[in-house]
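K.L.:
This is final.tsv (TSV, C-alpha atoms and all ligand atoms).
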chain	number	residue	atom	x	y	z
O	1	MET	CA	-30.25	-111.85	-63.47
O	2	PRO	CA	-29.14	-108.17	-63.93
O	3	GLY	CA	-25.76	-107.28	-62.44
O	4	LEU	CA	-24.34	-110.78	-62.80
O	5	GLY	CA	-22.70	-109.78	-66.07
O	6	THR	CA	-20.55	-107.25	-64.20
O	7	LEU	CA	-19.92	-109.31	-61.09
O	8	PHE	CA	-18.73	-112.42	-62.91
O	9	PRO	CA	-15.61	-110.85	-64.49
O	10	VAL	CA	-14.76	-109.07	-61.21
O	11	VAL	CA	-14.85	-112.34	-59.25
O	12	ARG	CA	-13.07	-114.24	-62.04
O	13	GLY	CA	-10.33	-111.58	-62.22
O	14	ALA	CA	-9.86	-111.67	-58.44
O	15	ILE	CA	-9.61	-115.48	-58.52
O	16	LEU	CA	-6.98	-115.31	-61.28
O	17	LEU	CA	-5.08	-112.74	-59.21
O	18	ALA	CA	-5.21	-115.00	-56.13
O	19	ILE	CA	-3.87	-117.97	-58.13
O	20	LEU	CA	-1.01	-115.96	-59.64
O	21	LEU	CA	-0.06	-114.61	-56.20
O	22	LEU	CA	-0.11	-118.09	-54.63
O	23	ILE	CA	2.26	-119.33	-57.37
O	24	GLY	CA	4.33	-116.20	-56.72
O	25	VAL	CA	4.61	-116.92	-52.97
O	26	ALA	CA	6.01	-120.40	-53.72
O	27	VAL	CA	8.72	-119.06	-56.07
O	28	ALA	CA	9.51	-115.92	-54.00
O	29	THR	CA	9.99	-118.06	-50.85
O	30	ARG	CA	12.69	-120.09	-52.60
O	31	LEU	CA	14.45	-117.02	-54.05
O	32	ALA	CA	14.52	-115.17	-50.72
O	33	ARG	CA	15.76	-118.25	-48.85
O	34	ALA	CA	18.62	-118.68	-51.28
O	35	HIS	CA	19.77	-115.04	-51.32
O	36	VAL	CA	19.02	-113.47	-47.91
O	37	GLU	CA	21.43	-114.36	-45.11
O	38	PRO	CA	19.80	-117.12	-43.03
O	39	GLY	CA	19.24	-116.23	-39.36
O	40	SER	CA	19.34	-112.46	-40.03
O	41	GLY	CA	16.52	-110.14	-38.98
O	42	ARG	CA	15.77	-109.56	-42.65
O	43	ALA	CA	15.37	-113.28	-43.31
O	44	ALA	CA	13.02	-113.55	-40.32
O	45	GLN	CA	10.90	-110.63	-41.50
O	46	ILE	CA	10.66	-111.91	-45.07
O	47	GLY	CA	10.08	-115.50	-43.85
O	48	GLY	CA	7.26	-114.24	-41.63
O	49	TRP	CA	5.49	-112.79	-44.68
O	50	HIS	CA	6.02	-115.97	-46.67
O	51	ALA	CA	4.66	-118.10	-43.84
O	52	ARG	CA	1.48	-116.01	-43.49
O	53	LEU	CA	0.67	-115.35	-47.14
O	54	PRO	CA	-0.44	-118.90	-48.13
O	55	GLY	CA	-3.16	-118.89	-45.46
O	56	LEU	CA	-4.21	-115.36	-46.35
O	57	GLY	CA	-4.32	-116.22	-50.06
O	58	ALA	CA	-6.29	-119.39	-49.34
O	59	TRP	CA	-8.85	-117.43	-47.33
O	60	PHE	CA	-9.23	-114.88	-50.12
O	61	LEU	CA	-9.57	-117.65	-52.71
O	62	LEU	CA	-12.09	-119.59	-50.64
O	63	MET	CA	-14.36	-116.55	-50.27
O	64	LEU	CA	-14.10	-115.81	-54.00
O	65	SER	CA	-14.78	-119.41	-54.91
O	66	LEU	CA	-17.95	-119.40	-52.80
O	67	ALA	CA	-18.98	-116.15	-54.49
O	68	ARG	CA	-18.32	-117.70	-57.92
O	69	GLY	CA	-20.44	-120.76	-56.97
O	70	ALA	CA	-23.30	-118.50	-55.85
O	71	LEU	CA	-23.11	-116.42	-59.05
O	72	GLN	CA	-23.09	-119.55	-61.18
O	73	LEU	CA	-26.21	-120.83	-59.38
O	74	LEU	CA	-27.98	-117.51	-59.81
O	75	THR	CA	-27.60	-117.69	-63.58
O	76	PHE	CA	-29.93	-120.72	-63.52
O	77	VAL	CA	-32.82	-119.16	-61.55
O	78	GLU	CA	-35.21	-116.27	-62.09
O	79	PRO	CA	-35.33	-113.53	-59.38
O	80	GLY	CA	-37.41	-114.79	-56.42
O	81	GLU	CA	-37.35	-118.39	-57.59
O	82	PRO	CA	-36.23	-120.79	-54.79
O	83	LEU	CA	-32.99	-122.76	-55.16
O	84	GLU	CA	-33.72	-126.49	-55.40
O	85	SER	CA	-31.18	-128.93	-53.92
O	86	GLY	CA	-31.16	-130.85	-57.23
O	87	LEU	CA	-30.06	-127.70	-59.05
O	88	ILE	CA	-27.36	-126.95	-56.47
O	89	GLN	CA	-26.01	-130.48	-56.87
O	90	ALA	CA	-26.12	-130.38	-60.67
O	91	VAL	CA	-24.38	-126.99	-60.89
O	92	LEU	CA	-21.78	-127.23	-58.13
O	93	LEU	CA	-20.97	-130.93	-57.92
O	94	GLU	CA	-21.53	-132.40	-61.37
O	95	GLY	CA	-20.14	-131.91	-64.88
O	96	THR	CA	-16.69	-130.49	-65.63
O	97	TRP	CA	-17.55	-127.04	-64.25
O	98	GLY	CA	-19.11	-128.40	-61.04
O	99	THR	CA	-16.35	-130.91	-60.26
O	100	SER	CA	-13.67	-128.29	-61.02
O	101	TRP	CA	-15.41	-125.76	-58.77
O	102	THR	CA	-15.64	-128.31	-55.96
O	103	LEU	CA	-11.99	-129.29	-56.41
O	104	GLN	CA	-10.84	-125.66	-56.30
O	105	THR	CA	-12.94	-124.87	-53.24
O	106	VAL	CA	-11.72	-127.96	-51.36
O	107	ALA	CA	-8.07	-127.25	-52.31
O	108	ALA	CA	-8.42	-123.67	-50.99
O	109	LEU	CA	-9.92	-125.04	-47.77
O	110	VAL	CA	-7.12	-127.60	-47.38
O	111	LEU	CA	-4.50	-124.86	-47.89
O	112	LEU	CA	-6.25	-122.61	-45.37
O	113	ALA	CA	-6.54	-125.31	-42.68
O	114	GLY	CA	-3.17	-126.90	-43.49
O	115	SER	CA	-1.19	-123.66	-43.44
O	116	TRP	CA	-2.57	-122.98	-39.95
O	117	LEU	CA	-1.82	-126.52	-38.72
O	118	VAL	CA	1.78	-126.54	-39.98
O	119	ARG	CA	2.46	-122.82	-39.42
O	120	TRP	CA	5.61	-123.53	-37.34
O	121	ARG	CA	7.19	-125.58	-40.11
O	122	PRO	CA	8.01	-123.38	-43.13
O	123	GLY	CA	9.22	-126.37	-45.20
O	124	ALA	CA	5.90	-128.20	-44.76
O	125	THR	CA	3.94	-125.02	-45.54
O	126	TRP	CA	5.87	-124.66	-48.81
O	127	TYR	CA	5.09	-128.22	-49.99
O	128	LEU	CA	1.46	-127.79	-48.98
O	129	LEU	CA	1.35	-124.50	-50.89
O	130	VAL	CA	2.85	-126.02	-54.05
O	131	THR	CA	0.56	-129.07	-54.13
O	132	THR	CA	-2.66	-127.26	-53.32
O	133	THR	CA	-1.86	-124.41	-55.73
O	134	ALA	CA	-1.23	-126.94	-58.51
O	135	VAL	CA	-4.68	-128.44	-57.80
O	136	VAL	CA	-6.29	-124.97	-57.67
O	137	ALA	CA	-4.71	-124.03	-61.03
O	138	TRP	CA	-5.74	-127.32	-62.65
O	139	ALA	CA	-9.29	-126.85	-61.38
O	140	GLN	CA	-9.28	-123.32	-62.81
O	141	THR	CA	-8.67	-124.75	-66.30
O	142	GLY	CA	-11.89	-126.79	-65.98
O	143	MET	CA	-14.13	-123.72	-65.64
O	144	GLY	CA	-13.78	-122.00	-69.01
O	145	HIS	CA	-12.94	-122.24	-72.68
O	146	PRO	CA	-10.18	-124.88	-72.26
O	147	THR	CA	-12.92	-127.50	-71.81
O	148	GLU	CA	-14.56	-126.66	-75.16
O	149	GLU	CA	-14.72	-129.43	-77.74
O	150	ILE	CA	-12.54	-127.50	-80.19
O	151	TRP	CA	-9.56	-128.90	-78.22
O	152	PRO	CA	-8.41	-132.53	-78.31
O	153	PRO	CA	-9.11	-134.07	-74.86
O	154	PHE	CA	-7.27	-132.25	-72.04
O	155	THR	CA	-5.06	-130.27	-74.49
O	156	GLY	CA	-6.84	-126.99	-73.84
O	157	ARG	CA	-6.53	-127.52	-70.10
O	158	VAL	CA	-2.80	-128.27	-70.30
O	159	VAL	CA	-2.19	-125.19	-72.49
O	160	ASP	CA	-4.19	-123.06	-70.04
O	161	LEU	CA	-2.31	-124.52	-67.08
O	162	LEU	CA	1.01	-123.57	-68.70
O	163	HIS	CA	-0.33	-120.06	-69.36
O	164	LEU	CA	-1.45	-119.64	-65.75
O	165	GLY	CA	1.84	-121.11	-64.51
O	166	GLY	CA	3.86	-118.77	-66.74
O	167	ALA	CA	1.96	-115.70	-65.54
O	168	GLY	CA	2.35	-116.82	-61.91
O	169	ILE	CA	6.05	-117.59	-61.93
O	170	TRP	CA	6.85	-114.34	-63.71
O	171	LEU	CA	4.41	-111.65	-62.59
O	172	GLY	CA	3.00	-113.35	-59.47
O	173	THR	CA	6.54	-113.75	-58.16
O	174	LEU	CA	7.43	-110.16	-59.02
O	175	ALA	CA	4.35	-108.91	-57.15
O	176	ILE	CA	5.19	-110.98	-54.06
O	177	LEU	CA	8.88	-110.02	-54.08
O	178	SER	CA	7.96	-106.34	-54.28
O	179	LEU	CA	5.62	-106.76	-51.34
O	180	THR	CA	7.69	-108.96	-49.04
O	181	THR	CA	11.35	-108.90	-49.99
O	182	PHE	CA	12.50	-105.80	-51.89
O	183	PRO	CA	11.26	-103.24	-49.31
O	184	VAL	CA	12.94	-105.11	-46.42
O	185	LEU	CA	16.29	-105.30	-48.25
O	186	ARG	CA	16.02	-101.66	-49.37
O	187	ARG	CA	15.32	-100.46	-45.82
O	188	ALA	CA	18.26	-102.51	-44.50
O	189	ALA	CA	20.44	-100.99	-47.28
O	190	ARG	CA	21.47	-104.50	-48.37
O	191	ILE	CA	21.90	-103.72	-52.05
O	192	ASP	CA	24.09	-106.84	-52.44
O	193	GLU	CA	21.24	-109.13	-51.34
O	194	LEU	CA	18.71	-107.11	-53.34
O	195	ALA	CA	20.91	-107.55	-56.43
O	196	GLY	CA	21.19	-111.30	-55.68
O	197	VAL	CA	17.40	-111.77	-55.51
O	198	VAL	CA	16.72	-109.58	-58.58
O	199	CYS	CA	19.40	-111.40	-60.55
O	200	ALA	CA	18.07	-114.84	-59.57
O	201	PHE	CA	14.52	-113.73	-60.41
O	202	SER	CA	15.48	-113.28	-64.06
O	203	ILE	CA	15.37	-117.08	-64.55
O	204	PRO	CA	11.73	-117.59	-63.45
O	205	ALA	CA	10.84	-114.31	-65.20
O	206	ARG	CA	12.19	-115.45	-68.56
O	207	THR	CA	10.80	-118.97	-68.18
O	208	GLY	CA	7.39	-117.56	-67.27
O	209	ALA	CA	7.39	-115.11	-70.19
O	210	ALA	CA	8.33	-117.90	-72.62
O	211	LEU	CA	5.54	-120.13	-71.27
O	212	LEU	CA	3.05	-117.25	-71.54
O	213	VAL	CA	3.92	-116.51	-75.16
O	214	ALA	CA	3.97	-120.15	-76.32
O	215	SER	CA	0.70	-121.10	-74.62
O	216	GLY	CA	-0.92	-117.72	-75.44
O	217	VAL	CA	-0.16	-118.11	-79.15
O	218	ILE	CA	-1.55	-121.69	-79.20
O	219	ALA	CA	-4.71	-120.61	-77.36
O	220	THR	CA	-5.18	-117.58	-79.65
O	221	TRP	CA	-4.73	-119.77	-82.73
O	222	GLN	CA	-7.34	-122.20	-81.45
O	223	TYR	CA	-9.92	-119.65	-80.25
O	224	VAL	CA	-9.54	-116.89	-82.86
O	225	GLY	CA	-8.81	-119.01	-85.92
O	226	SER	CA	-7.86	-116.24	-88.39
O	227	LEU	CA	-6.01	-112.94	-88.61
O	228	GLY	CA	-9.23	-111.27	-89.78
O	229	ALA	CA	-11.08	-112.35	-86.64
O	230	LEU	CA	-8.21	-111.07	-84.50
O	231	PHE	CA	-8.90	-107.49	-85.62
O	232	SER	CA	-12.63	-107.59	-86.29
O	233	THR	CA	-14.11	-109.25	-83.18
O	234	THR	CA	-14.28	-108.11	-79.55
O	235	TYR	CA	-12.54	-111.31	-78.46
O	236	GLY	CA	-9.75	-110.79	-81.01
O	237	LEU	CA	-9.27	-107.14	-80.06
O	238	LEU	CA	-9.04	-108.06	-76.37
O	239	VAL	CA	-6.25	-110.51	-77.26
O	240	VAL	CA	-4.53	-107.79	-79.34
O	241	GLY	CA	-4.76	-105.48	-76.29
O	242	LYS	CA	-3.19	-108.21	-74.14
O	243	VAL	CA	-0.38	-108.77	-76.60
O	244	GLY	CA	0.33	-105.01	-76.79
O	245	LEU	CA	0.54	-104.75	-73.00
O	246	PHE	CA	2.59	-107.93	-72.83
O	247	VAL	CA	5.17	-106.33	-75.15
O	248	LEU	CA	5.35	-103.24	-72.89
O	249	ILE	CA	5.65	-105.35	-69.73
O	250	ALA	CA	8.33	-107.52	-71.34
O	251	ALA	CA	10.21	-104.35	-72.38
O	252	ALA	CA	10.07	-103.08	-68.78
O	253	GLY	CA	11.28	-106.51	-67.59
O	254	TRP	CA	14.12	-106.42	-70.11
O	255	TRP	CA	15.09	-102.95	-68.85
O	256	ASN	CA	15.16	-104.27	-65.25
O	257	TRP	CA	17.24	-107.25	-66.26
O	258	ARG	CA	19.80	-105.67	-68.60
O	259	ILE	CA	20.08	-102.10	-67.22
O	260	LEU	CA	18.94	-101.98	-63.60
O	261	THR	CA	20.26	-105.33	-62.37
O	262	PRO	CA	23.88	-104.52	-63.38
O	263	ALA	CA	23.44	-101.07	-61.76
O	264	LEU	CA	22.28	-102.79	-58.56
O	265	ALA	CA	25.16	-105.26	-58.69
O	266	ALA	CA	27.54	-102.30	-59.00
O	267	ALA	CA	25.83	-100.76	-55.92
O	268	THR	CA	24.81	-97.59	-57.82
O	269	PRO	CA	23.09	-95.49	-55.10
O	270	ASP	CA	19.85	-94.64	-56.97
O	271	ALA	CA	19.43	-98.13	-58.50
O	272	PRO	CA	16.99	-99.42	-55.80
O	273	VAL	CA	14.65	-96.44	-56.31
O	274	ARG	CA	14.78	-96.76	-60.11
O	275	LEU	CA	14.07	-100.46	-59.76
O	276	ARG	CA	11.05	-99.78	-57.56
O	277	ARG	CA	9.64	-97.34	-60.10
O	278	ALA	CA	10.14	-99.72	-63.02
O	279	ILE	CA	8.53	-102.62	-61.14
O	280	THR	CA	5.53	-100.48	-60.14
O	281	ILE	CA	4.91	-99.66	-63.81
O	282	GLU	CA	5.36	-103.32	-64.79
O	283	LEU	CA	2.87	-104.51	-62.18
O	284	ALA	CA	0.33	-101.79	-62.99
O	285	MET	CA	0.32	-102.91	-66.63
O	286	ALA	CA	0.03	-106.55	-65.52
O	287	ALA	CA	-3.07	-105.62	-63.48
O	288	VAL	CA	-4.65	-104.16	-66.65
O	289	VAL	CA	-3.82	-107.40	-68.54
O	290	LEU	CA	-5.55	-109.39	-65.81
O	291	GLY	CA	-8.62	-107.16	-66.10
O	292	LEU	CA	-8.71	-107.70	-69.88
O	293	THR	CA	-8.27	-111.44	-69.33
O	294	ALA	CA	-11.18	-111.60	-66.90
O	295	VAL	CA	-13.43	-110.13	-69.62
O	296	LEU	CA	-11.82	-112.29	-72.33
O	297	THR	CA	-12.42	-115.59	-70.56
O	298	GLY	CA	-16.11	-114.71	-70.19
O	299	SER	CA	-16.57	-113.68	-73.85
O	300	SER	CA	-17.51	-116.06	-76.63
O	301	PHE	CA	-14.65	-116.68	-79.03
O	302	PRO	CA	-14.90	-116.28	-82.82
O	303	GLY	CA	-13.55	-119.78	-83.57
O	304	THR	CA	-16.72	-121.39	-82.13
O	305	PRO	CA	-17.73	-124.09	-84.63
X	1	LIG	C1	1.35	-110.19	-69.25
X	1	LIG	C2	1.08	-111.25	-69.92
X	1	LIG	C3	-0.13	-112.14	-69.73
X	1	LIG	C4	-0.80	-112.47	-68.59
X	1	LIG	C5	-0.58	-111.98	-67.17
X	1	LIG	C6	-1.86	-113.38	-68.99
X	1	LIG	C7	-2.74	-113.97	-68.13
X	1	LIG	C8	-3.75	-114.82	-68.50
X	1	LIG	C9	-4.62	-115.52	-67.60
X	1	LIG	C10	-4.53	-115.42	-66.08
X	1	LIG	C11	-5.52	-116.21	-68.35
X	1	LIG	C12	-6.71	-116.99	-67.82
X	1	LIG	C13	-6.43	-118.43	-67.63
X	1	LIG	C14	-7.63	-119.13	-67.02
X	1	LIG	O1	-8.71	-118.58	-66.88
X	1	LIG	O2	-7.47	-120.32	-66.68
X	1	LIG	C15	-5.23	-115.97	-69.74
X	1	LIG	C16	-5.93	-116.49	-70.80
X	1	LIG	C17	-5.59	-116.28	-72.12
X	1	LIG	N1	-4.51	-115.57	-72.59
X	1	LIG	FE1	-3.13	-114.59	-71.48
X	1	LIG	N2	-1.79	-113.57	-70.36
X	1	LIG	C18	-0.74	-112.83	-70.83
X	1	LIG	C19	-0.28	-112.78	-72.12
X	1	LIG	C20	-0.94	-113.35	-73.18
X	1	LIG	C21	-0.47	-113.31	-74.55
X	1	LIG	C22	0.85	-112.67	-75.00
X	1	LIG	C23	-1.42	-113.95	-75.31
X	1	LIG	C24	-1.47	-114.19	-76.80
X	1	LIG	C25	-0.42	-114.38	-77.54
X	1	LIG	C26	-2.47	-114.39	-74.43
X	1	LIG	C27	-3.61	-115.05	-74.82
X	1	LIG	C28	-4.53	-115.60	-73.97
X	1	LIG	C29	-5.71	-116.35	-74.42
X	1	LIG	C30	-6.15	-116.59	-75.85
X	1	LIG	C31	-6.35	-116.79	-73.24
X	1	LIG	C32	-7.59	-117.67	-73.18
X	1	LIG	C33	-8.81	-116.85	-72.87
X	1	LIG	C34	-10.07	-117.71	-72.86
X	1	LIG	O3	-10.17	-118.62	-72.02
X	1	LIG	O4	-10.94	-117.44	-73.69
X	1	LIG	N3	-2.14	-114.03	-73.13
X	1	LIG	N4	-4.13	-115.12	-69.81
Take the structure in the file and give it back as structure tokens.

P.N.:
Amino acid sequence: MPGLGTLFPVVRGAILLAILLLIGVAVATRLARAHVEPGSGRAAQIGGWHARLPGLGAWFLLMLSLARGALQLLTFVEPGEPLESGLIQAVLLEGTWGTSWTLQTVAALVLLAGSWLVRWRPGATWYLLVTTTAVVAWAQTGMGHPTEEIWPPFTGRVVDLLHLGGAGIWLGTLAILSLTTFPVLRRAARIDELAGVVCAFSIPARTGAALLVASGVIATWQYVGSLGALFSTTYGLLVVGKVGLFVLIAAAGWWNWRILTPALAAATPDAPVRLRRAITIELAMAAVVLGLTAVLTGSSFPGTP
């Protein structure tokens, strides 16, 4: 059906964004709890964000998942043709794609309902968030290339899960911290706490970047197969684009870690503003990578046997 080709990557990209942000909420909650004075107004404000975001993210993901299910169904029918219940069952409930789609949709629903039910207990919300997000991410790996037979059983899915996890704990966390935590600490002029959170963030950031590179290289090796294909196919060139942007994002991250974090720790007056600028650039480039990835995951790869 015309138009589906454009809508698919948009929905897929938005789903990937939602997953990375959910992972980011889980990590950012821990970092803020450890480095912002408990009981302070700042902690309450940041905690309020972190309590509401899982439900909001789950709602966003649920809507997108339903849209993805509808788009998937539409690829099997001609315009005007009625949808048979047998087809709906076969597409959305059976096979690896169908069971993964159902699992992801149910996990989003559980997170949505659960985060409302336990909204007064931040600890319970966090555990619910972590378990349902792990299920959502695992289900995501069942709806794309990681299920192809070029991989030994489950290997592609595990590699993909590590890649998603790496992107989430690095860039998802950075996005959430810049939304919920950094502005509150900047406004309260608590550069000491800001420095504490930024400094602590360097551990998930480096772990996430390492996971991204290791899993990304394995996936590229498996899908692209040769150096020639990397530079002569659309799939290969999209990966090259991702790697180029990754290098720039990692350089910006390195700058934050080695130059701006010490400036923050030394309470240099303009350090918070410089940090905000650097993070904005880092996140803008990450958004472009996600866009490229949404197209990449929907393209056929050159290593197809
Ligand atoms: C800023 C850094 C990066 C981010 C945010 C990122 C994000 C992602 C995401 C979200 C996926 C989709 C996973 C899924 O659909 O389950 C993906 C897939 C992939 N990424 Fe990355 N990635 C990054 C860096 C890299 C690097 C450095 C490489 C190569 C060395 C790479 C190679 C790949 C490949 C080959 C896939 C599989 C695409 C497919 O399914 O056909 N990525 N990436």

K.L.:
Could you work out how far atom CA of O:Pro183 lies from atom CA of O:Trp120, giving the answer in Å with one decimal?

P.N.:
24.2 Å

K.L.:
Between atom CA of O:Leu292 and atom CA of O:Thr173, what is the distance in Å, rounded to a tenth?

P.N.:
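Atom CA of O:Thr173 lies 20.2 Å from atom CA of O:Leu292.
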
K.L.:
Let me make sure I understand: among O:Leu112, O:Val25, O:Leu53, O:Val239, which one has the smallest atom-to-atom distance to ligand LIG 1 (chain X) if we use all atoms listed in the file?

P.N.:
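The closest residue to ligand LIG 1 (chain X) is O:Val239.
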
K.L.:
Mind checking which residues fall within 7 Å of stretch 147-162 of chain O, counting all atoms listed in the file, ignoring those fewer than 4 positions away in the same chain, and posting them as a list in words?

P.N.:
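Surrounding residues, per the criterion: Ala137, Trp138, Thr141, Gly142, Gly166, Leu211 and Ser215 of chain O.
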
K.L.:
Quick one, how far is atom CA of O:Ala214 from atom C21 of ligand LIG 1 (chain X)?

P.N.:
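Separation between atom CA of O:Ala214 and atom C21 of ligand LIG 1 (chain X): 8.3 Å.
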
K.L.:
If you count all atoms listed in the file, which residues end up within 6 Å of ligand LIG 1 (chain X), as a ChimeraX atom specification?

P.N.:
/O:16,140-141,144-145,160,164,167,212-213,216-217,219-220,239,242-243,246,286,289-290,293,296-297

K.L.:
Using the incomplete input, complete stretch 242-261 of chain O to the level of N, CA, C and O atoms; output as a CSV table (one decimal), in the frame of the given file.

P.N.:
chain,number,residue,atom,x,y,z
O,242,LYS,N,-4.1,-107.5,-75.0
O,242,LYS,CA,-3.2,-108.2,-74.1
O,242,LYS,C,-1.8,-108.3,-74.7
O,242,LYS,O,-0.8,-108.1,-74.0
O,243,VAL,N,-1.7,-108.6,-76.0
O,243,VAL,CA,-0.4,-108.8,-76.6
O,243,VAL,C,0.4,-107.4,-76.5
O,243,VAL,O,1.6,-107.4,-76.2
O,244,GLY,N,-0.3,-106.3,-76.8
O,244,GLY,CA,0.3,-105.0,-76.8
O,244,GLY,C,0.9,-104.7,-75.4
O,244,GLY,O,2.1,-104.3,-75.2
O,245,LEU,N,0.1,-105.0,-74.4
O,245,LEU,CA,0.5,-104.8,-73.0
O,245,LEU,C,1.7,-105.7,-72.6
O,245,LEU,O,2.6,-105.3,-71.9
O,246,PHE,N,1.5,-107.0,-73.1
O,246,PHE,CA,2.6,-107.9,-72.8
O,246,PHE,C,3.9,-107.4,-73.3
O,246,PHE,O,4.9,-107.5,-72.7
O,247,VAL,N,3.9,-106.8,-74.6
O,247,VAL,CA,5.2,-106.3,-75.2
O,247,VAL,C,5.7,-105.2,-74.3
O,247,VAL,O,6.9,-105.2,-74.0
O,248,LEU,N,4.9,-104.3,-73.8
O,248,LEU,CA,5.4,-103.2,-72.9
O,248,LEU,C,5.9,-103.8,-71.6
O,248,LEU,O,7.0,-103.3,-71.1
O,249,ILE,N,5.2,-104.8,-71.0
O,249,ILE,CA,5.6,-105.4,-69.7
O,249,ILE,C,7.0,-106.1,-69.9
O,249,ILE,O,7.9,-105.9,-69.1
O,250,ALA,N,7.1,-106.8,-71.1
O,250,ALA,CA,8.3,-107.5,-71.3
O,250,ALA,C,9.5,-106.5,-71.5
O,250,ALA,O,10.6,-106.8,-71.1
O,251,ALA,N,9.2,-105.4,-72.2
O,251,ALA,CA,10.2,-104.4,-72.4
O,251,ALA,C,10.7,-103.8,-71.0
O,251,ALA,O,11.9,-103.6,-70.8
O,252,ALA,N,9.7,-103.6,-70.1
O,252,ALA,CA,10.1,-103.1,-68.8
O,252,ALA,C,10.9,-104.1,-68.1
O,252,ALA,O,11.9,-103.8,-67.4
O,253,GLY,N,10.5,-105.4,-68.2
O,253,GLY,CA,11.3,-106.5,-67.6
O,253,GLY,C,12.7,-106.6,-68.2
O,253,GLY,O,13.7,-106.8,-67.4
O,254,TRP,N,12.8,-106.4,-69.5
O,254,TRP,CA,14.1,-106.4,-70.1
O,254,TRP,C,15.0,-105.3,-69.6
O,254,TRP,O,16.2,-105.5,-69.2
O,255,TRP,N,14.4,-104.1,-69.4
O,255,TRP,CA,15.1,-103.0,-68.8
O,255,TRP,C,15.6,-103.3,-67.4
O,255,TRP,O,16.8,-103.0,-67.1
O,256,ASN,N,14.7,-103.9,-66.6
O,256,ASN,CA,15.2,-104.3,-65.2
O,256,ASN,C,16.3,-105.2,-65.3
O,256,ASN,O,17.3,-105.1,-64.5
O,257,TRP,N,16.2,-106.2,-66.2
O,257,TRP,CA,17.2,-107.2,-66.3
O,257,TRP,C,18.6,-106.8,-66.8
O,257,TRP,O,19.6,-107.0,-66.2
O,258,ARG,N,18.6,-106.0,-67.9
O,258,ARG,CA,19.8,-105.7,-68.6
O,258,ARG,C,20.4,-104.3,-68.1
O,258,ARG,O,21.6,-104.1,-68.2
O,259,ILE,N,19.6,-103.4,-67.6
O,259,ILE,CA,20.1,-102.1,-67.2
O,259,ILE,C,20.1,-102.0,-65.7
O,259,ILE,O,21.2,-101.6,-65.1
O,260,LEU,N,19.0,-102.3,-65.0
O,260,LEU,CA,18.9,-102.0,-63.6
O,260,LEU,C,19.7,-103.0,-62.8
O,260,LEU,O,20.3,-102.7,-61.7
O,261,THR,N,19.6,-104.3,-63.2
O,261,THR,CA,20.3,-105.3,-62.4
O,261,THR,C,21.8,-105.1,-62.3
O,261,THR,O,22.4,-105.1,-61.2
